[in-house]
Each structure stands twice: as structure tokens, then as C-alpha cells.
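Written below as C-alpha cells is the structure these notes are about.
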2 protein chains.
Amino acid sequence: MRAILVIADGLGGRPTDMGGATCLERARTPNLDELARKGALGLMDPIAPGVRPGSDTSHLSIFGYDPLRVYTGRGAFEALGIGMEVRGGDVCFRANFATVEERDGRLIVVDRRAGRLAEGRELEGAINQLDLSDLGVGFSFRASTEHRGALVLRGEGLCAAVSDTDPHETEVPLAEARPLEDSEAARRTAEVLNEFSRRAYEALRDHPVNRRRREEGKPPGNALLLRGAAVMPHLEPVTEKYGIRGACIAGGALYKGVARAAGLEVLPVPGATGDLGTDLAGKARAALEALESYDFVFVHIKGTDNAGHDGDAQAKLGFIERIDREFFGPLLEGLEPGGFHLVFSGDHTTPPAVGEHTADPVPALFFGPAIRPDRTTGFSERAAGEGGLGRFSGRLVPQLLSYCDFGPKFGA
Amino acid sequence: MRAILVIADGLGGRPTDMGGATCLERARTPNLDELARKGALGLMDPIAPGVRPGSDTSHLSIFGYDPLRVYTGRGAFEALGIGMEVRGGDVCFRANFATVEERDGRLIVVDRRAGRLAEGRELEGAINQLDLSDLGVGFSFRASTEHRGALVLRGEGLCAAVSDTDPHETEVPLAEARPLEDSEAARRTAEVLNEFSRRAYEALRDHPVNRRRREEGKPPGNALLLRGAAVMPHLEPVTEKYGIRGACIAGGALYKGVARAAGLEVLPVPGATGDLGTDLAGKARAALEALESYDFVFVHIKGTDNAGHDGDAQAKLGFIERIDREFFGPLLEGLEPGGFHLVFSGDHTTPPAVGEHTADPVPALFFGPAIRPDRTTGFSERAAGEGGLGRFSGRLVPQLLSYCDFGPKFGA
């Protein structure tokens, strides 16, 4: 029995999105309607009723983890998602290459993104050659897209209660990290960060890449701004708990990160861009291929959320119709009837009328031989409110895997 | 106002059980359908969505306790259920009389059940005469059915983090209990167990019962194998919390144990066997009698689960029809209309198509003057999905007792 979870980011909507109807209600979705007719619907509060979720916290909750207990910040999952090796207890930061100038013995931030430089991977080596062993910590740095990257600190007595070195504005000094609580670990972590910051500047200042950029009149990437300290929680991988192999098909680093923390292998999918131009048929093909060797495949589709943030209801409607036609069409054609359970939902609601995540419950569709069918005949928010699965908080993955009869019994 | 909770173990099912329908959907249940018409239905996740429950954890949750906080193992409730006096903090074990042989100075287990001996109660005294006061612990042993029994240890500095002395196979030595965590309590508990094990063997080796069994060519019950260490949690009895008197009518030791922990008195019911041959009309009579002097009566019916584990959908269907006719028929006839609230549900789903507990939500029926009727006209899983009570996790007993207006207000 195979398990498939498909999350269309920000799927849910509000009646205000399209003059009395949501995009999902207006969209033509014959494949999803057919699944609803044969399966059952419910309403999911991603975390809890009235909690407005981030994408990270909602995905943790969907995978069965309690974000109120394990979540300290987005950085940890982003670091995992760009392929870094991150262990429970590591302290992670989001990082920017930035341009600083020495003035009166101080480092003044003049461009927080170093002109969105493209040479992050060339500069990465200089950072990773730094030696922090005298401070008793290990670290790893990785550049990702443009000026972005992530830093992971590992060692005894570190914690995430430190302020950013990113001043979040220009023409001010590079900030000193400060302890945010009265603890030895916070003081020590702040000291390590400040020392790292100083040594990173020394390693980057005269780097050949930056000399070349200066010659070309471009701002050099001569400092690293760190923000969003987060501890990687110790999570029991769902793959271990349920004794299965799982794979992730996603474009965005964050979703790959949560999936990796949950024990899933992140598959490379060319054309999975994480935006409205993504290759949906390619994702369906990749999912079908993955289902040949994995028990559980998680597919993340981002475009619905982008259209919601852009406030573009027509684009969201169009993208939902593309998901139905280009993704679910070939996926369902390629699957063996009766051999799988499928869940389709969003990670939260992003109504174009609001342009941001809202706390509204999200429609969820369950399909497969173990699902007791309900009377719903189409897939939408209102139909989900009348669905046979009622209303529940997160936990799509535990429910899906349990319908497939994976996993242990709690108690005897 | 009287409160009645009836749990048919493993009641829920899947469409795969009977070619597109569950046993409950196919069963003729006129009494339950009538209750559904007049009352209201809902869907219960015994513990939480996607958690596959044991019978012990699900009953704790149904009684309003959080099994994730209080549950350490089944042994504690089994010991309570066979009538032992168990207090919060006691460490309990499930026990077997077994046959061991001395070979090269070691005790080799040759029969883990001592030929399923019938003389457990005769041997019990020899065990309880042991003196462990030099080890600073009190204990109590009780034989139950055949070779089975339970051991309860009481004293400061004991814990449940110890391995079994039961090797779970034959032709290997009686196992040494080992500490499962690095703590003084775990080391001490392991030492106590090993010393108990040694002294039990000395007391049983030449016991007259065993000498007789040897003469008759039967394997002697000359050792006790201990397994499943569990701490009895400190639970606030629901009877105290709600200021009521409660009674339990059940066949199985586990259910009696949870009921005792919740403060209920366990009533002896001849013919309540805990299997498919149980006397359902006798249980109804016992419930009616108990309702004359108790505010709350909990009736547990096991057969539905047995049929589910056996994968026998026809037997499950037939037993559900018997529950409707033989139990609910006389029960409803004997009750004063308007004078009681009744809840009927299962403790989890045991689909014959699976043969094991699953995490699927369970239909729950509420009936009584305080219940707002919904539009459901029959009792089944799908009807429950359309029920007016929605979907909720466990807590049937707090809901039932609250509809009866028992119990305190939380807050002012």
C-alpha cells in the first residue's frame, strides 16, 4: 500500500476572494471532484483553531509534530532544506552576504544583500576554512541562492537565545550579537557569533571575488549578516516511527528541510521551481517514479501560495486548475486503483483578498480503500465543511500512514 | 439522573470489511437506530487523529485521562483488574508461572507457561510468604487464570526502567533484569527483581504442588517470569472528581483495571466472559440492577474486537446484532425514559479486513434529555461522520457525566 500526500501551499481561500466565492469553488477541478465523490472530506486547522500558521510550523504539524514544543525558528529547517547536515541541538542561522565599510574603526552596513551577488558559492570556501576550534565549536556554512546562505553551529553549551548580527537596516554598524536570556549558554553563543562575524569579515575582505567585484564597481560580499537563531529540534523521523521509506518532491528549501527532518529523502526534480511556472506534469512523473521504491511520497506545490500573496485570485484559480489537470491527471492515470491512499490539502489559507496566511481551516481530501466515503460530490472549502471527516488539527501524515496500516500501536 | 457508558471493543470498521460496507452498516440494529434518531452522533478519535490505540490507552483517554502523560505500560491496569491493591507509584509486572531446569548452575527455561498449570492459586501463598524487607521493598503477587499472574512492587526509589526476566523463548537461561536507564532507581529495581526471582525459585522448587506435578509427569511451575514493567500512575478518580458512585461490568481484567483506577467498583457478573459467547442479557440485567444504586455504570463488551482480530466480518456483524437485541433490548426496556444519559461507542476500530486495531475514528452515539438531536436516522460510521456532535478526541466519560450535570466547574 502506497501513501501520497500532496500539499498545495496556501490552498484555502475566503468568499471575499472572488466576489462571494473562493478560487477553489470557482475552479474547474474534475479530477479532485471525482476523488471527493469516492473519498471523504474534512476541515483541517493546520495547528489549532485560530492559530495563523507559518509554512514551517504548519508543515511540522501536518507531519505530526507539535510546533508549540519543537519550533524555535525557521532557520533550522532552511539549513536542512539546502542540503546541510543538521543534527538535533545544532543552532542554525539564516545568513546574507552583505557589503560593509570600515568607518572610524566600525563596520557600517551599506548593502544588506551585497548587490544580490551571484558568487556566494565561490565565497563559501573562505568561510568554511575558518577555524573556530579555539572557541570549542564546530560550524558549517553554505551559500544558497543569490546572497543567501545558512550557518550551523554545533557544540556543547550553545543556545538560540541570541540577537541577530543583521541590523535589518543600512548605514548603521554591523550589530553585536547579544544574549537574550541570562544564561551562560546565551552569553557564550553571542561571543562565538561575534568572533565568527569578525573572522568572516577578515576572510572575505580581500577575497579575489570581492577584489574583482570592486574593480567592476559592484558592492563586495565582505560580511555575513546572521539572523533568526533556531535550534534544530530532536524529532523522531516518521520513517522510523512507521518503519517506512519516504521521499519528498518539492521546490522550496523549507519544505525539503521539514521533510528531511521527518526522515524523507529529497529527490531532485528538474523543473520543480517552487513558483507558478513549475512543471506540474514533471512532478506527477517524479511522484509516480518515486512510488515504485518508496512507501510514502510527499509532494509540495508552491504556486497557490504565491498567487495568494500577490493578491491575484485569477492566477490562483488558474493554478488550481493546472494542478487538477497537469498534476492529478497523469498521477491518477499512473496509479493502480486500490493500491494507495492519497491526501490532498493545503498547509494554510492564503486568500488573495488578504495577501497573507490566515488561520481559516483548510479543506482536506482523503481517498483510498480504507476511507469511509461521505456524501460530498466536489472538492471545495464549503464541501469540506460538510465532509464525513469532520474537523481536526494537523496530523495529516499520521492519519494517512495509519490508513495504510503502517506504524506502531500506542499501548496494548 | 443516571449515566451509562457502553463500549463495544473494536466496534468501528472499514468499507473493505464487507465489500464496500462496514459490519455496523450491514448489521440490523433497530434499537441503536432508534437511539440515533432521537439522539446525536459524532466521530471519536480514541486518542488523537492518526494514533493507533491499544485498549488500555484508549480506555484511559475515554475516561478523560491523557495516556501520553500517564501511561507507562499495561501491567499496572491488569494488576488492578485482577483485584490487587495497587497505588500510584507502584511498579507492576505481568507474571507467568514457568518451568525451569538447573543445568551447569544455570536456570534454563523449558516451558514458559508450565504446561498452562491450573494450580496458580495454590502456589501463590508460597510467593507471598517471601520476605523482601531486607531489600527495603514491599510486594504482592497474585495468580489469575492458568499460568498467569501479576507482581506489584512498592517502595521508595523504584522505577519501571528495567528489562524483563522473561526471556520470551525456551531453552535459554532465565533472564537477568537489567536497568534500562542510567539511574539509581533502575539499578535498584533490577537488583530487587533478580533477588525476587531467585527466592521465588527456591520457594517453588520443592513445593508440594510441584512435587505432585512432577510425579504426574507434568512440568512444574517452579519459576516466575516477569515482563512489562509499568508504573501505576497517580490518577484522580472520576468518581471523586464528579462526586458520584460508579460501577463497572466487564469480563476482561484490563478494563476492570482502568475502571478501578477511575474509582469505579467492579461488579461480579456471572457469564460475562469477555468473548463472543458472553451472556449479553445477563450484562443488561446487571447494568439495570447497578443503576439502582450507582450514578454511573460502565459496561464493556469484548466480542466485537475478538471477531475483528479473527478477521471474521460475519461474526462481527452477528455479534453487533446480538448487542442490539440481547443487550440494548432489555436495557432500554428497563430504563425510565428521561432519567438517564447513554453513550455507546467503541474504544477503537478493529476492521476484520485488517485484523488489528487501526487509528480510524470511531462512531459515538449520545442519547438522553440533554442531548440536542441531530438529523441522523441510524447508527453507523458514515452516519456518525454526518452527526451533530462533530469529531473529537476521547473524553466520552467527562462528556457523559457533564450531560448528567455531575461535576465541578473549571473556573468561576
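The way I read the labels, and the way they are meant: chains A, B, ... in the order of the C-alpha cells, residue 1 as the first residue of every chain, and ligand 1 as the first ligand shown, with later ones counted on from there.
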Enumerate, in order of chain and increasing residue number, the residues of range 178-210 of chain A with an atom no farther than 12 Å from range 83-93 of chain A, each with its shortest atom pair and distance in Å to one decimal, counting only C-alpha atoms, as JSON lines.
{"residue": "A:Ala185", "atom": "CA", "partner": "A:Val91", "partner_atom": "CA", "distance": 11.4}
{"residue": "A:Ala186", "atom": "CA", "partner": "A:Val91", "partner_atom": "CA", "distance": 11.3}
{"residue": "A:Thr189", "atom": "CA", "partner": "A:Val91", "partner_atom": "CA", "distance": 9.1}
{"residue": "A:Ala190", "atom": "CA", "partner": "A:Val91", "partner_atom": "CA", "distance": 11.7}
{"residue": "A:Val192", "atom": "CA", "partner": "A:Val91", "partner_atom": "CA", "distance": 11.6}
{"residue": "A:Leu193", "atom": "CA", "partner": "A:Phe93", "partner_atom": "CA", "distance": 10.2}
Quiz item: Skipping near chain neighbours, those fewer than 4 positions away, what residues fall within 10 Å of Arg395 in chain B using only C-alpha atoms, listed as a VMD selection string?
Solution: chain B and resid 44 to 47 58 to 66 399 to 400
Just the selected residues (C-alpha atoms), exported as a PDB file, in the first residue's frame, please.
ATOM      1  CA  MET B  44     -14.302   9.971  18.153  1.00  0.00           C
ATOM      2  CA  ASP B  45     -10.568   9.639  17.686  1.00  0.00           C
ATOM      3  CA  PRO B  46      -9.834   7.474  20.730  1.00  0.00           C
ATOM      4  CA  ILE B  47      -6.564   9.320  21.465  1.00  0.00           C
ATOM      5  CA  SER B  58      -7.858   4.236  24.555  1.00  0.00           C
ATOM      6  CA  HIS B  59      -9.829   3.467  27.718  1.00  0.00           C
ATOM      7  CA  LEU B  60      -7.690   5.906  29.716  1.00  0.00           C
ATOM      8  CA  SER B  61      -8.451   8.561  27.094  1.00  0.00           C
ATOM      9  CA  ILE B  62     -12.170   7.719  27.076  1.00  0.00           C
ATOM     10  CA  PHE B  63     -12.227   8.182  30.862  1.00  0.00           C
ATOM     11  CA  GLY B  64     -10.646  11.621  30.438  1.00  0.00           C
ATOM     12  CA  TYR B  65      -7.011  10.867  31.264  1.00  0.00           C
ATOM     13  CA  ASP B  66      -4.157  11.758  28.898  1.00  0.00           C
ATOM     14  CA  GLN B 399     -18.938  14.444  28.321  1.00  0.00           C
ATOM     15  CA  LEU B 400     -21.469  11.877  29.547  1.00  0.00           C
TER      16      LEU B 400
END
Exercise. Using only C-alpha atoms, find the residues of chain B whose closest atom to chain A is at most 6 Å away, then write them as a count of residues only.
Key: 13
Exercise. Tell me which protein, DNA and RNA residues are within 10 Å of Thr350 in chain A, counting only C-alpha atoms, leaving out same-chain ones fewer than 5 positions away, and put them as an MDAnalysis selection string.
Key: chainID A and resid 9:14 17 304:311 316 355:360 362
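Of the residues listed (A:Arg227, A:Gly105, A:Asp134, A:Leu331), A:Arg227 shows the shortest atom-to-atom separation from Leu151 in chain A; distances use only C-alpha atoms.
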Quiz item: If we count only C-alpha atoms, what is near range 237-246 of chain B at a cut-off of 7 Å, once residues fewer than 5 positions away on the same chain are taken out, given as number ranges by chain?
Solution: B: 261-265, 294-297, 406-408
Write the residues of the preceding selection, restricted to N, CA and C atoms, as a PDB file, in the first residue's frame.
ATOM      1  N   ALA B 261      -9.059   2.079  38.548  1.00  0.00           N
ATOM      2  CA  ALA B 261      -8.203   3.264  38.666  1.00  0.00           C
ATOM      3  C   ALA B 261      -9.027   4.539  38.600  1.00  0.00           C
ATOM      4  N   ALA B 262     -10.143   4.480  37.869  1.00  0.00           N
ATOM      5  CA  ALA B 262     -11.016   5.654  37.738  1.00  0.00           C
ATOM      6  C   ALA B 262     -11.996   5.750  38.906  1.00  0.00           C
ATOM      7  N   GLY B 263     -11.896   4.819  39.850  1.00  0.00           N
ATOM      8  CA  GLY B 263     -12.722   4.895  41.056  1.00  0.00           C
ATOM      9  C   GLY B 263     -13.999   4.079  41.010  1.00  0.00           C
ATOM     10  N   LEU B 264     -14.197   3.312  39.940  1.00  0.00           N
ATOM     11  CA  LEU B 264     -15.419   2.516  39.822  1.00  0.00           C
ATOM     12  C   LEU B 264     -15.291   1.216  40.624  1.00  0.00           C
ATOM     13  N   GLU B 265     -16.414   0.731  41.108  1.00  0.00           N
ATOM     14  CA  GLU B 265     -16.417  -0.586  41.738  1.00  0.00           C
ATOM     15  C   GLU B 265     -16.687  -1.621  40.664  1.00  0.00           C
ATOM     16  N   TYR B 294     -25.988   2.975  41.705  1.00  0.00           N
ATOM     17  CA  TYR B 294     -24.829   3.742  41.225  1.00  0.00           C
ATOM     18  C   TYR B 294     -25.301   4.839  40.266  1.00  0.00           C
ATOM     19  N   ASP B 295     -24.586   5.976  40.300  1.00  0.00           N
ATOM     20  CA  ASP B 295     -24.918   7.069  39.375  1.00  0.00           C
ATOM     21  C   ASP B 295     -24.450   6.771  37.963  1.00  0.00           C
ATOM     22  N   PHE B 296     -23.358   6.025  37.886  1.00  0.00           N
ATOM     23  CA  PHE B 296     -22.674   5.820  36.603  1.00  0.00           C
ATOM     24  C   PHE B 296     -22.309   4.353  36.459  1.00  0.00           C
ATOM     25  N   VAL B 297     -22.703   3.769  35.338  1.00  0.00           N
ATOM     26  CA  VAL B 297     -22.352   2.371  35.083  1.00  0.00           C
ATOM     27  C   VAL B 297     -21.629   2.280  33.736  1.00  0.00           C
ATOM     28  N   PHE B 406     -23.371  16.264  36.541  1.00  0.00           N
ATOM     29  CA  PHE B 406     -22.447  15.948  37.627  1.00  0.00           C
ATOM     30  C   PHE B 406     -21.208  16.821  37.438  1.00  0.00           C
ATOM     31  N   GLY B 407     -20.474  17.002  38.516  1.00  0.00           N
ATOM     32  CA  GLY B 407     -19.119  17.508  38.359  1.00  0.00           C
ATOM     33  C   GLY B 407     -18.955  18.986  38.560  1.00  0.00           C
ATOM     34  N   PRO B 408     -17.695  19.354  38.750  1.00  0.00           N
ATOM     35  CA  PRO B 408     -17.355  20.731  39.113  1.00  0.00           C
ATOM     36  C   PRO B 408     -17.221  21.626  37.889  1.00  0.00           C
TER      37      PRO B 408
END
Exercise. If you run DSSP over the backbone, which residues in range 152-393 of chain B end up alpha helix (DSSP H)? Put them as a ChimeraX atom specification.
Key: /B:184-205,208-215,238-242,253-261,280-290,303-309,313-322,329-334,381-385
Practice problem: For Ile108 in chain B, list every protein, DNA or RNA residue within 10 Å, evaluated using only C-alpha atoms, and leave out those in the same chain fewer than 2 positions away; present the list as an NGL selection string. | Solution: :B and (99-106 or 110-111 or 167 or 170-175)
Please produce a file of those selected residues containing C-alpha atoms, as a CSV table (one decimal), in the first residue's frame.
chain,number,residue,atom,x,y,z
B,99,THR,CA,9.2,-24.5,34.2
B,100,VAL,CA,13.0,-24.2,34.6
B,101,GLU,CA,15.7,-26.8,34.9
B,102,GLU,CA,19.1,-26.4,36.6
B,103,ARG,CA,21.9,-27.1,34.1
B,104,ASP,CA,25.5,-26.3,34.8
B,105,GLY,CA,24.5,-24.0,37.6
B,106,ARG,CA,22.1,-22.0,35.4
B,110,VAL,CA,12.0,-25.2,29.3
B,111,ASP,CA,8.3,-24.2,29.3
B,167,PRO,CA,13.5,-14.4,28.0
B,170,THR,CA,12.7,-21.5,25.7
B,171,GLU,CA,16.0,-23.4,26.1
B,172,VAL,CA,17.7,-20.2,27.2
B,173,PRO,CA,18.5,-19.1,30.7
B,174,LEU,CA,16.0,-17.2,32.9
B,175,ALA,CA,17.0,-13.6,32.0
Self-check item: d(CA of Lys256 in chain A, CA of Leu80 in chain A) in Å
Solution: 7.4 Å
I'd like to know which residues of range 266-380 of chain A are strand (DSSP E) (by DSSP, run on the backbone); could you write them as a CSV table (one decimal) with C-alpha atoms, in the first residue's frame?
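Dumped to selection-v5.csv:
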chain,number,residue,atom,x,y,z
A,266,VAL,CA,14.6,14.7,-1.0
A,296,PHE,CA,5.3,7.4,1.2
A,297,VAL,CA,5.7,10.3,-1.2
A,298,PHE,CA,5.2,13.9,-0.1
A,299,VAL,CA,4.7,16.4,-3.0
A,300,HIS,CA,4.8,20.1,-2.3
A,301,ILE,CA,3.3,22.6,-4.8
A,340,PHE,CA,-2.8,3.7,-2.5
A,341,HIS,CA,-4.2,6.2,-0.1
A,342,LEU,CA,-4.0,9.9,-1.1
A,343,VAL,CA,-4.4,13.0,1.0
A,344,PHE,CA,-4.7,16.4,-0.7
A,345,SER,CA,-4.8,19.6,1.3
A,362,VAL,CA,-8.2,24.3,5.2
A,363,PRO,CA,-10.1,21.7,3.1
A,364,ALA,CA,-8.6,18.2,3.2
A,365,LEU,CA,-9.4,15.3,0.9
A,366,PHE,CA,-8.8,11.6,1.8
A,367,PHE,CA,-9.1,8.9,-0.8
